[in-house]
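Reproduced below: structure-v5.pdb, with PDB, C-alpha atoms and all ligand atoms.
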MODEL        1
ATOM      1  CA  MET A   1       0.000   0.000   0.000
ATOM      2  CA  ASN A   2       1.464   3.367  -0.849
ATOM      3  CA  PRO A   3       2.409   5.619   2.081
ATOM      4  CA  ASP A   4       0.129   8.457   0.933
ATOM      5  CA  LEU A   5      -2.876   6.156   1.031
ATOM      6  CA  ARG A   6      -1.924   4.895   4.486
ATOM      7  CA  VAL A   7      -1.623   8.447   5.780
ATOM      8  CA  GLN A   8      -4.961   9.374   4.163
ATOM      9  CA  ILE A   9      -6.694   6.427   5.802
ATOM     10  CA  GLU A  10      -5.144   7.267   9.166
ATOM     11  CA  LYS A  11      -6.240  10.920   8.842
ATOM     12  CA  TYR A  12      -9.714   9.876   7.673
ATOM     13  CA  ILE A  13     -10.234   7.746  10.783
ATOM     14  CA  GLU A  14      -8.783  10.516  12.962
ATOM     15  CA  SER A  15     -11.114  13.112  11.447
ATOM     16  CA  LEU A  16     -14.097  10.925  12.329
ATOM     17  CA  PHE A  17     -13.168   9.661  15.780
ATOM     18  CA  VAL A  18     -10.589  11.945  17.394
ATOM     19  CA  ARG A  19     -11.835  15.392  18.297
ATOM     20  CA  PRO A  20      -9.306  18.238  18.021
ATOM     21  CA  ASP A  21      -7.891  18.690  21.505
ATOM     22  CA  ALA A  22      -5.982  21.827  22.489
ATOM     23  CA  VAL A  23      -4.401  20.232  25.563
ATOM     24  CA  LEU A  24      -3.025  17.288  23.572
ATOM     25  CA  ALA A  25      -1.799  19.623  20.816
ATOM     26  CA  GLN A  26       0.044  21.684  23.430
ATOM     27  CA  ASN A  27       1.448  18.482  24.961
ATOM     28  CA  ILE A  28       3.128  17.701  21.638
ATOM     29  CA  SER A  29       4.331  21.241  20.931
ATOM     30  CA  ASP A  30       5.824  21.604  24.443
ATOM     31  CA  ALA A  31       7.544  18.221  24.149
ATOM     32  CA  ASP A  32       8.936  19.318  20.795
ATOM     33  CA  ALA A  33      10.092  22.683  22.172
ATOM     34  CA  ALA A  34      11.907  20.860  24.988
ATOM     35  CA  GLY A  35      13.748  18.728  22.423
ATOM     36  CA  LEU A  36      11.958  15.433  23.108
ATOM     37  CA  PRO A  37      11.799  13.063  20.111
ATOM     38  CA  PRO A  38       8.375  13.018  18.368
ATOM     39  CA  ILE A  39       7.734   9.333  19.016
ATOM     40  CA  GLN A  40       4.487   9.497  21.002
ATOM     41  CA  VAL A  41       1.611   7.304  19.836
ATOM     42  CA  ALA A  42      -0.490   8.723  16.979
ATOM     43  CA  PRO A  43      -3.895  10.256  17.860
ATOM     44  CA  ASN A  44      -5.805   7.171  16.640
ATOM     45  CA  GLN A  45      -3.636   4.932  18.778
ATOM     46  CA  GLY A  46      -4.217   7.236  21.724
ATOM     47  CA  LYS A  47      -7.950   6.807  21.198
ATOM     48  CA  LEU A  48      -7.440   3.040  21.021
ATOM     49  CA  LEU A  49      -5.500   3.084  24.328
ATOM     50  CA  TYR A  50      -8.324   5.115  25.838
ATOM     51  CA  LEU A  51     -11.008   2.685  24.618
ATOM     52  CA  LEU A  52      -9.113  -0.422  25.738
ATOM     53  CA  THR A  53      -8.628   1.116  29.183
ATOM     54  CA  LYS A  54     -12.350   1.865  29.428
ATOM     55  CA  MET A  55     -13.277  -1.608  28.172
ATOM     56  CA  CYS A  56     -11.168  -3.109  30.964
ATOM     57  CA  GLY A  57     -12.860  -0.908  33.530
ATOM     58  CA  ALA A  58      -9.321  -0.149  34.620
ATOM     59  CA  SER A  59      -8.533   1.717  37.794
ATOM     60  CA  ARG A  60      -4.863   0.681  37.984
ATOM     61  CA  VAL A  61      -2.729   1.249  34.885
ATOM     62  CA  LEU A  62       1.035   0.836  34.503
ATOM     63  CA  GLU A  63       2.896   2.537  31.665
ATOM     64  CA  ILE A  64       6.540   1.804  30.826
ATOM     65  CA  GLY A  65       7.962   4.773  28.820
ATOM     66  CA  THR A  66       6.361   8.145  29.633
ATOM     67  CA  LEU A  67       8.113  10.552  27.209
ATOM     68  CA  GLY A  68       6.086  13.806  27.410
ATOM     69  CA  GLY A  69       2.972  12.187  28.857
ATOM     70  CA  TYR A  70       0.925  12.036  25.642
ATOM     71  CA  SER A  71      -0.158   8.390  25.909
ATOM     72  CA  THR A  72      -0.275   8.886  29.693
ATOM     73  CA  THR A  73      -2.969  11.539  29.208
ATOM     74  CA  TRP A  74      -5.100   9.272  27.011
ATOM     75  CA  LEU A  75      -4.791   6.414  29.519
ATOM     76  CA  ALA A  76      -5.449   8.664  32.542
ATOM     77  CA  ARG A  77      -8.611  10.098  30.986
ATOM     78  CA  ALA A  78     -10.057   6.591  30.635
ATOM     79  CA  LEU A  79      -9.548   5.478  34.251
ATOM     80  CA  LEU A  80     -12.488   4.747  36.493
ATOM     81  CA  GLU A  81     -13.221   7.382  39.135
ATOM     82  CA  GLY A  82     -10.409   7.243  41.710
ATOM     83  CA  GLY A  83      -8.109   5.339  39.323
ATOM     84  CA  MET A  84      -4.326   5.801  39.135
ATOM     85  CA  ILE A  85      -1.661   5.452  36.492
ATOM     86  CA  THR A  86       1.940   4.667  37.369
ATOM     87  CA  SER A  87       4.305   5.670  34.555
ATOM     88  CA  LEU A  88       8.006   4.759  34.390
ATOM     89  CA  GLU A  89      10.575   6.967  32.652
ATOM     90  CA  LEU A  90      14.372   6.826  32.486
ATOM     91  CA  ASP A  91      14.987  10.472  31.619
ATOM     92  CA  GLN A  92      14.331  13.181  34.233
ATOM     93  CA  LYS A  93      13.853  15.807  31.507
ATOM     94  CA  HIS A  94      11.131  13.734  29.853
ATOM     95  CA  ALA A  95       9.460  13.187  33.216
ATOM     96  CA  ASP A  96       9.515  16.940  33.939
ATOM     97  CA  VAL A  97       7.837  17.739  30.606
ATOM     98  CA  ALA A  98       5.305  14.963  31.208
ATOM     99  CA  ARG A  99       4.498  16.244  34.698
ATOM    100  CA  LYS A 100       3.654  19.724  33.350
ATOM    101  CA  ASN A 101       1.609  18.193  30.542
ATOM    102  CA  VAL A 102      -0.497  15.878  32.705
ATOM    103  CA  ASP A 103      -1.070  18.647  35.266
ATOM    104  CA  ARG A 104      -2.284  21.008  32.540
ATOM    105  CA  ALA A 105      -4.531  18.242  31.174
ATOM    106  CA  GLY A 106      -6.213  18.068  34.586
ATOM    107  CA  VAL A 107      -5.198  14.446  35.207
ATOM    108  CA  GLY A 108      -2.060  15.142  37.257
ATOM    109  CA  THR A 109      -3.511  13.836  40.520
ATOM    110  CA  ARG A 110      -4.046  10.438  38.862
ATOM    111  CA  VAL A 111      -0.481  10.159  37.550
ATOM    112  CA  THR A 112       2.632   9.021  39.425
ATOM    113  CA  ILE A 113       5.881   9.152  37.437
ATOM    114  CA  HIS A 114       8.866   7.098  38.630
ATOM    115  CA  VAL A 115      12.184   8.246  37.175
ATOM    116  CA  GLY A 116      14.913   5.647  36.600
ATOM    117  CA  PRO A 117      15.564   2.480  34.628
ATOM    118  CA  ALA A 118      12.186   0.729  34.289
ATOM    119  CA  GLU A 119      13.638  -2.654  35.153
ATOM    120  CA  GLN A 120      14.737  -1.409  38.590
ATOM    121  CA  THR A 121      11.461   0.393  39.229
ATOM    122  CA  LEU A 122       9.460  -2.710  38.266
ATOM    123  CA  GLN A 123      11.568  -4.842  40.592
ATOM    124  CA  ARG A 124      10.919  -2.346  43.402
ATOM    125  CA  LEU A 125       7.160  -2.376  42.747
ATOM    126  CA  ILE A 126       7.217  -6.197  42.893
ATOM    127  CA  GLU A 127       9.155  -6.141  46.187
ATOM    128  CA  GLN A 128       6.692  -3.614  47.592
ATOM    129  CA  ARG A 129       3.852  -5.977  46.649
ATOM    130  CA  VAL A 130       1.791  -3.209  45.089
ATOM    131  CA  PRO A 131      -1.703  -4.342  44.055
ATOM    132  CA  THR A 132      -1.901  -5.866  40.566
ATOM    133  CA  PHE A 133      -2.561  -3.670  37.536
ATOM    134  CA  ASP A 134      -5.605  -3.922  35.270
ATOM    135  CA  LEU A 135      -3.786  -2.742  32.137
ATOM    136  CA  ILE A 136      -0.080  -2.373  31.315
ATOM    137  CA  PHE A 137       1.344  -0.439  28.339
ATOM    138  CA  ILE A 138       4.946  -1.282  27.407
ATOM    139  CA  ASP A 139       6.529   1.468  25.269
ATOM    140  CA  ALA A 140      10.122   2.095  26.466
ATOM    141  CA  ASP A 141      13.444   0.870  24.993
ATOM    142  CA  LYS A 142      12.690  -2.052  22.702
ATOM    143  CA  PRO A 143      15.531  -4.424  23.757
ATOM    144  CA  GLY A 144      14.083  -4.203  27.289
ATOM    145  CA  TYR A 145      10.668  -5.584  26.293
ATOM    146  CA  PRO A 146      11.270  -9.275  27.208
ATOM    147  CA  SER A 147      12.296  -8.264  30.713
ATOM    148  CA  TYR A 148       9.445  -5.722  31.021
ATOM    149  CA  LEU A 149       6.984  -8.419  30.005
ATOM    150  CA  ASP A 150       8.277 -10.887  32.595
ATOM    151  CA  LEU A 151       8.250  -8.282  35.348
ATOM    152  CA  SER A 152       4.820  -7.016  34.227
ATOM    153  CA  LEU A 153       3.435 -10.532  34.570
ATOM    154  CA  GLN A 154       4.488 -10.447  38.227
ATOM    155  CA  LEU A 155       2.337  -7.337  38.628
ATOM    156  CA  SER A 156      -0.654  -8.899  36.840
ATOM    157  CA  ARG A 157      -3.657 -11.094  37.621
ATOM    158  CA  PRO A 158      -5.712 -13.306  35.302
ATOM    159  CA  GLY A 159      -7.488 -10.875  32.991
ATOM    160  CA  THR A 160      -4.837  -8.137  33.070
ATOM    161  CA  VAL A 161      -4.406  -6.634  29.596
ATOM    162  CA  ILE A 162      -0.822  -6.077  28.437
ATOM    163  CA  LEU A 163      -0.064  -3.887  25.406
ATOM    164  CA  ALA A 164       3.316  -3.382  23.730
ATOM    165  CA  ASP A 165       4.062  -0.736  21.095
ATOM    166  CA  ASN A 166       6.259  -0.640  17.984
ATOM    167  CA  LEU A 167       6.339  -4.305  17.060
ATOM    168  CA  ILE A 168       6.221  -4.099  13.233
ATOM    169  CA  ARG A 169       8.772  -1.347  12.476
ATOM    170  CA  ASP A 170       7.633  -0.663   8.934
ATOM    171  CA  GLY A 171       7.909  -4.339   8.096
ATOM    172  CA  GLY A 172      11.469  -4.567   9.417
ATOM    173  CA  VAL A 173      10.370  -7.560  11.527
ATOM    174  CA  LEU A 174       9.641  -9.585   8.352
ATOM    175  CA  ASP A 175      13.390  -9.979   7.852
ATOM    176  CA  ALA A 176      14.751 -13.089   9.599
ATOM    177  CA  ALA A 177      17.749 -11.038  10.803
ATOM    178  CA  PRO A 178      16.737  -7.357  10.813
ATOM    179  CA  GLN A 179      19.519  -4.773  10.450
ATOM    180  CA  GLU A 180      17.888  -2.189  12.676
ATOM    181  CA  GLU A 181      18.225  -2.822  16.418
ATOM    182  CA  ASN A 182      14.602  -1.991  17.257
ATOM    183  CA  ALA A 183      13.276  -4.246  14.491
ATOM    184  CA  ARG A 184      15.561  -7.046  15.696
ATOM    185  CA  ALA A 185      14.318  -6.592  19.246
ATOM    186  CA  ALA A 186      10.693  -6.469  18.090
ATOM    187  CA  ARG A 187      11.030  -9.644  16.018
ATOM    188  CA  ALA A 188      12.497 -11.550  18.961
ATOM    189  CA  PHE A 189       9.833 -10.164  21.287
ATOM    190  CA  ASN A 190       6.999 -11.067  18.905
ATOM    191  CA  ALA A 191       8.149 -14.676  18.761
ATOM    192  CA  MET A 192       8.356 -14.826  22.565
ATOM    193  CA  LEU A 193       4.935 -13.264  22.928
ATOM    194  CA  ALA A 194       3.372 -15.706  20.481
ATOM    195  CA  ALA A 195       4.875 -18.676  22.347
ATOM    196  CA  ASP A 196       4.184 -17.422  25.879
ATOM    197  CA  PRO A 197       1.870 -19.933  27.594
ATOM    198  CA  ARG A 198       0.810 -17.331  30.176
ATOM    199  CA  LEU A 199      -0.847 -15.088  27.574
ATOM    200  CA  GLU A 200      -3.282 -14.991  24.673
ATOM    201  CA  SER A 201      -2.169 -12.334  22.172
ATOM    202  CA  ILE A 202      -2.444 -10.627  18.817
ATOM    203  CA  ILE A 203      -0.677  -7.727  17.071
ATOM    204  CA  ILE A 204      -2.744  -5.089  15.327
ATOM    205  CA  PRO A 205      -1.094  -2.970  12.614
ATOM    206  CA  VAL A 206      -0.921   0.791  13.174
ATOM    207  CA  LEU A 207      -0.975   2.795   9.925
ATOM    208  CA  GLY A 208       0.910   5.992   9.222
ATOM    209  CA  LYS A 209       3.751   7.137   7.019
ATOM    210  CA  LYS A 210       5.384   4.010   8.396
ATOM    211  CA  VAL A 211       3.487   0.891   9.382
ATOM    212  CA  ASP A 212       3.942  -0.186  12.960
ATOM    213  CA  GLY A 213       1.991  -2.420  15.298
ATOM    214  CA  MET A 214       0.836  -2.897  18.877
ATOM    215  CA  SER A 215       0.298  -6.184  20.654
ATOM    216  CA  ILE A 216      -2.756  -6.833  22.785
ATOM    217  CA  SER A 217      -2.517  -9.670  25.286
ATOM    218  CA  ILE A 218      -4.653 -10.958  28.096
ATOM    219  CA  VAL A 219      -3.158 -12.817  31.055
ATOM    220  CA  LYS A 220      -4.621 -16.320  31.422
TER     221      LYS A 220
HETATM  222  N1  LIG B   1       4.480   6.251  25.700
HETATM  223  C1  LIG B   1       4.952   7.504  25.123
HETATM  224  C2  LIG B   1       6.183   7.305  24.252
HETATM  225  C3  LIG B   1       7.344   6.669  24.962
HETATM  226  S1  LIG B   1       8.834   6.846  24.034
HETATM  227  C4  LIG B   1       3.815   8.092  24.281
HETATM  228  O1  LIG B   1       3.319   7.352  23.420
HETATM  229  O2  LIG B   1       3.446   9.258  24.472
HETATM  230  C5  LIG B   1       9.901   5.853  24.970
HETATM  231  C6  LIG B   1      10.321   6.449  26.312
HETATM  232  O3  LIG B   1      10.984   5.412  27.041
HETATM  233  C7  LIG B   1      11.318   7.604  26.207
HETATM  234  O4  LIG B   1      10.858   8.721  26.918
HETATM  235  C8  LIG B   1      12.593   7.042  26.845
HETATM  236  O5  LIG B   1      13.337   8.014  27.572
HETATM  237  C9  LIG B   1      12.035   5.995  27.772
HETATM  238  N2  LIG B   1      13.005   4.953  28.131
HETATM  239  C10 LIG B   1      14.040   4.479  27.390
HETATM  240  N3  LIG B   1      14.718   3.545  28.078
HETATM  241  C11 LIG B   1      14.101   3.418  29.271
HETATM  242  C12 LIG B   1      14.346   2.621  30.428
HETATM  243  N4  LIG B   1      15.355   1.763  30.485
HETATM  244  N5  LIG B   1      13.505   2.769  31.484
HETATM  245  C13 LIG B   1      12.473   3.631  31.432
HETATM  246  N6  LIG B   1      12.201   4.413  30.373
HETATM  247  C14 LIG B   1      13.008   4.309  29.309
HETATM  248  C1  LIG B   2       9.917   4.992  17.845
HETATM  249  C2  LIG B   2       8.555   5.055  18.013
HETATM  250  C3  LIG B   2       7.998   4.806  19.232
HETATM  251  O1  LIG B   2       6.645   4.851  19.444
HETATM  252  C4  LIG B   2       8.787   4.467  20.301
HETATM  253  O2  LIG B   2       8.175   4.197  21.477
HETATM  254  C5  LIG B   2      10.161   4.422  20.146
HETATM  255  C6  LIG B   2      10.726   4.673  18.905
HETATM  256  C7  LIG B   2      10.491   5.262  16.502
HETATM  257  O3  LIG B   2       9.723   5.421  15.563
HETATM  258  O4  LIG B   2      11.712   5.292  16.384
HETATM  259 MG    MG B   3       5.964   3.703  20.991
ENDMDL
END
Kindly return the structure encoded in the file as structure tokens.
Ligand code: SAH
Ligand code: DHB
Ligand code: MG
Amino acid sequence: MNPDLRVQIEKYIESLFVRPDAVLAQNISDADAAGLPPIQVAPNQGKLLYLLTKMCGASRVLEIGTLGGYSTTWLARALLEGGMITSLELDQKHADVARKNVDRAGVGTRVTIHVGPAEQTLQRLIEQRVPTFDLIFIDADKPGYPSYLDLSLQLSRPGTVILADNLIRDGGVLDAAPQEENARAARAFNAMLAADPRLESIIIPVLGKKVDGMSISIVK
């Protein structure tokens, strides 16, 4: 499919189902002004995260990879009354931008950001025996995904929904030995996910200038 057509389809769906949102637009422009990479989920994927969170009736969400808090805002808006999202971010600068963005969006009181390597934070949450999460969104460094999945499963219960972003990499994962590191990591992760006896899973394609994909899994 040609890239123009993919972008047109993506924009068509967005024009129907994603209302223009000044707070989310400012989230992206502030992240850009602060020098953060523009790698947040697309608006349609944000809406999908929002719907999945609502469908789960989630009140406890865990996000791995905050960036400027764009996906965080979509997830936080979908929480049940009194719900909380815990978001993990390596980079203090990203976390600072995200904090301002979620506060301005009016969801700041529902968002806790932990700064540091996600693997360490996850291990700490497990040691602290925090209550299990209803939905988990994995979207940090791609080589870390296998570990994030294993640790996430220790913070899950049967029925927990686990999502992971960027698993198609514009078709890079079709190559048996992808050149690009993120595609290589995604291909290995996809095979693990498919074989994982603790989960039932699928990947849905995400259209744009490049084609990517997000996995949706439910814990058995
Ligand atoms: N979920 C965001 C995008 C996240 S981009 C959105 O869609 O809006 C990936 C983020 O993961 C970046 O901010 C990066 O700094 C962070 N990251 C990279 N390595 C990490 C690690 N080891 N632990 C935690 N966060 C990490
Ligand atoms: C890229 C996109 C992402 O959504 C992400 O989390 C990391 C990297 C990218 O396109 O490079
Ligand atoms: Mg991503």
Report summary line: Judged by all atoms listed in the file, the minimum distance to Leu75 of chain A among A:Phe17, A:Leu88, A:Asn2, A:Ile136 is found for A:Ile136
Taking only C-alpha atoms and all ligand atoms into account, produce a table as a Markdown table in which each residue of chain A with an atom at most 6 Å from an atom of ligand LIG 2 (chain B) appears once, together with its shortest atom pair and the distance in Å to one decimal, ordered by chain and rising number.
| residue | atom | partner | partner_atom | distance |
| --- | --- | --- | --- | --- |
| A:Ile39 | CA | B:LIG2 | C2 | 4.5 |
| A:Gln40 | CA | B:LIG2 | O1 | 5.4 |
| A:Val41 | CA | B:LIG2 | O1 | 5.6 |
| A:Asp139 | CA | B:LIG2 | O2 | 5.0 |
| A:Ala140 | CA | B:LIG2 | O2 | 5.8 |
| A:Asn166 | CA | B:LIG2 | O1 | 5.7 |
Query raised in the report: What does the PyMOL selection byres (((chain A and resi 206) around 9) and not hetatm) select in this file, as a ChimeraX atom specification?
Result: /A:10,42,44-45,166,168,204-205,207-208,210-214
**Report entry** Pick from A:Val130, A:Ser217, A:Phe137, A:Leu16, whichever lies nearest to Thr72 of chain A using all atoms listed in the file
**Finding:** A:Phe137
Query raised in the report: Residues picked by the PyMOL selection byres (((chain A and resi 66) around 10) and not hetatm) here, as a PyMOL selection string?
Result: chain A and resi 40+63-65+67-73+86-91+94-95+97-99+113-115+138-140
Go ahead and write the selection's residues with C-alpha atoms as a CSV table (one decimal), in the frame of the given file.
chain,number,residue,atom,x,y,z
A,40,GLN,CA,4.5,9.5,21.0
A,63,GLU,CA,2.9,2.5,31.7
A,64,ILE,CA,6.5,1.8,30.8
A,65,GLY,CA,8.0,4.8,28.8
A,67,LEU,CA,8.1,10.6,27.2
A,68,GLY,CA,6.1,13.8,27.4
A,69,GLY,CA,3.0,12.2,28.9
A,70,TYR,CA,0.9,12.0,25.6
A,71,SER,CA,-0.2,8.4,25.9
A,72,THR,CA,-0.3,8.9,29.7
A,73,THR,CA,-3.0,11.5,29.2
A,86,THR,CA,1.9,4.7,37.4
A,87,SER,CA,4.3,5.7,34.6
A,88,LEU,CA,8.0,4.8,34.4
A,89,GLU,CA,10.6,7.0,32.7
A,90,LEU,CA,14.4,6.8,32.5
A,91,ASP,CA,15.0,10.5,31.6
A,94,HIS,CA,11.1,13.7,29.9
A,95,ALA,CA,9.5,13.2,33.2
A,97,VAL,CA,7.8,17.7,30.6
A,98,ALA,CA,5.3,15.0,31.2
A,99,ARG,CA,4.5,16.2,34.7
A,113,ILE,CA,5.9,9.2,37.4
A,114,HIS,CA,8.9,7.1,38.6
A,115,VAL,CA,12.2,8.2,37.2
A,138,ILE,CA,4.9,-1.3,27.4
A,139,ASP,CA,6.5,1.5,25.3
A,140,ALA,CA,10.1,2.1,26.5
Query raised in the report: When the PyMOL selection byres (((chain A and resi 110) around 12) and not hetatm) is applied to the file above, which residues end up in the set, as a count of residues only?
Result: 31
Report summary line: Judged by all atoms listed in the file, the minimum distance to ligand LIG 1 (chain B) among A:Ser152, A:Gln92, A:Thr160, A:Gln123 is found for A:Gln92
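Remark: for Cys56 of chain A, the closest of the candidate residues A:Leu135, A:Ala164, A:Ala186, A:Ala195 is A:Leu135 (distances computed over all atoms listed in the file).
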Report task. Between atom CA of Lys220 of chain A and atom CA of Glu200 of chain A, measure the distance and give it in Å to one decimal. Result ->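 Calculated distance between atom CA of Lys220 of chain A and atom CA of Glu200 of chain A is 7.0 Å.
Of note, atom CA of Leu155 of chain A and atom CA of Leu122 of chain A are spaced 8.5 Å apart.
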Query raised in the report: atom CA of Ala34 of chain A and atom CA of Asp21 of chain A, how far apart in Å?
Result: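 These atoms are spaced 20.2 Å apart.
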Query raised in the report: Which residue out of A:Arg104, A:Lys93, A:Arg184, A:Lys54 has the minimum interatomic distance to Val161 of chain A when only C-alpha atoms are used?
Result: A:Lys54
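Shortest separation to ligand MG 3 (chain B) among A:Ala194, A:Leu163, A:Leu199, A:Ile216 occurs at residue A:Leu163, atoms counted being all atoms listed in the file.
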Using only the atoms of segment 4-9 of chain A listed in the file, plus 4 Å on each side, state the axis-aligned box centre and edge lengths in Å rounded to one decimal, as AutoDock Vina command-line options.
--center_x -3.3 --center_y 7.1 --center_z 3.4 --size_x 14.8 --size_y 12.5 --size_z 12.9
Residue neighbourhood Lys47 of chain A, 8 Å, all atoms listed in the file, exclusion window fewer than 4 positions, as a PDB file with C-alpha atoms, keeping the file's coordinate frame:
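Below you can see around_16.pdb, which holds the result:
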ATOM      1  CA  VAL A  18     -10.589  11.945  17.394  1.00  0.00           C
ATOM      2  CA  PRO A  43      -3.895  10.256  17.860  1.00  0.00           C
ATOM      3  CA  LEU A  51     -11.008   2.685  24.618  1.00  0.00           C
ATOM      4  CA  TRP A  74      -5.100   9.272  27.011  1.00  0.00           C
TER       5      TRP A  74
END
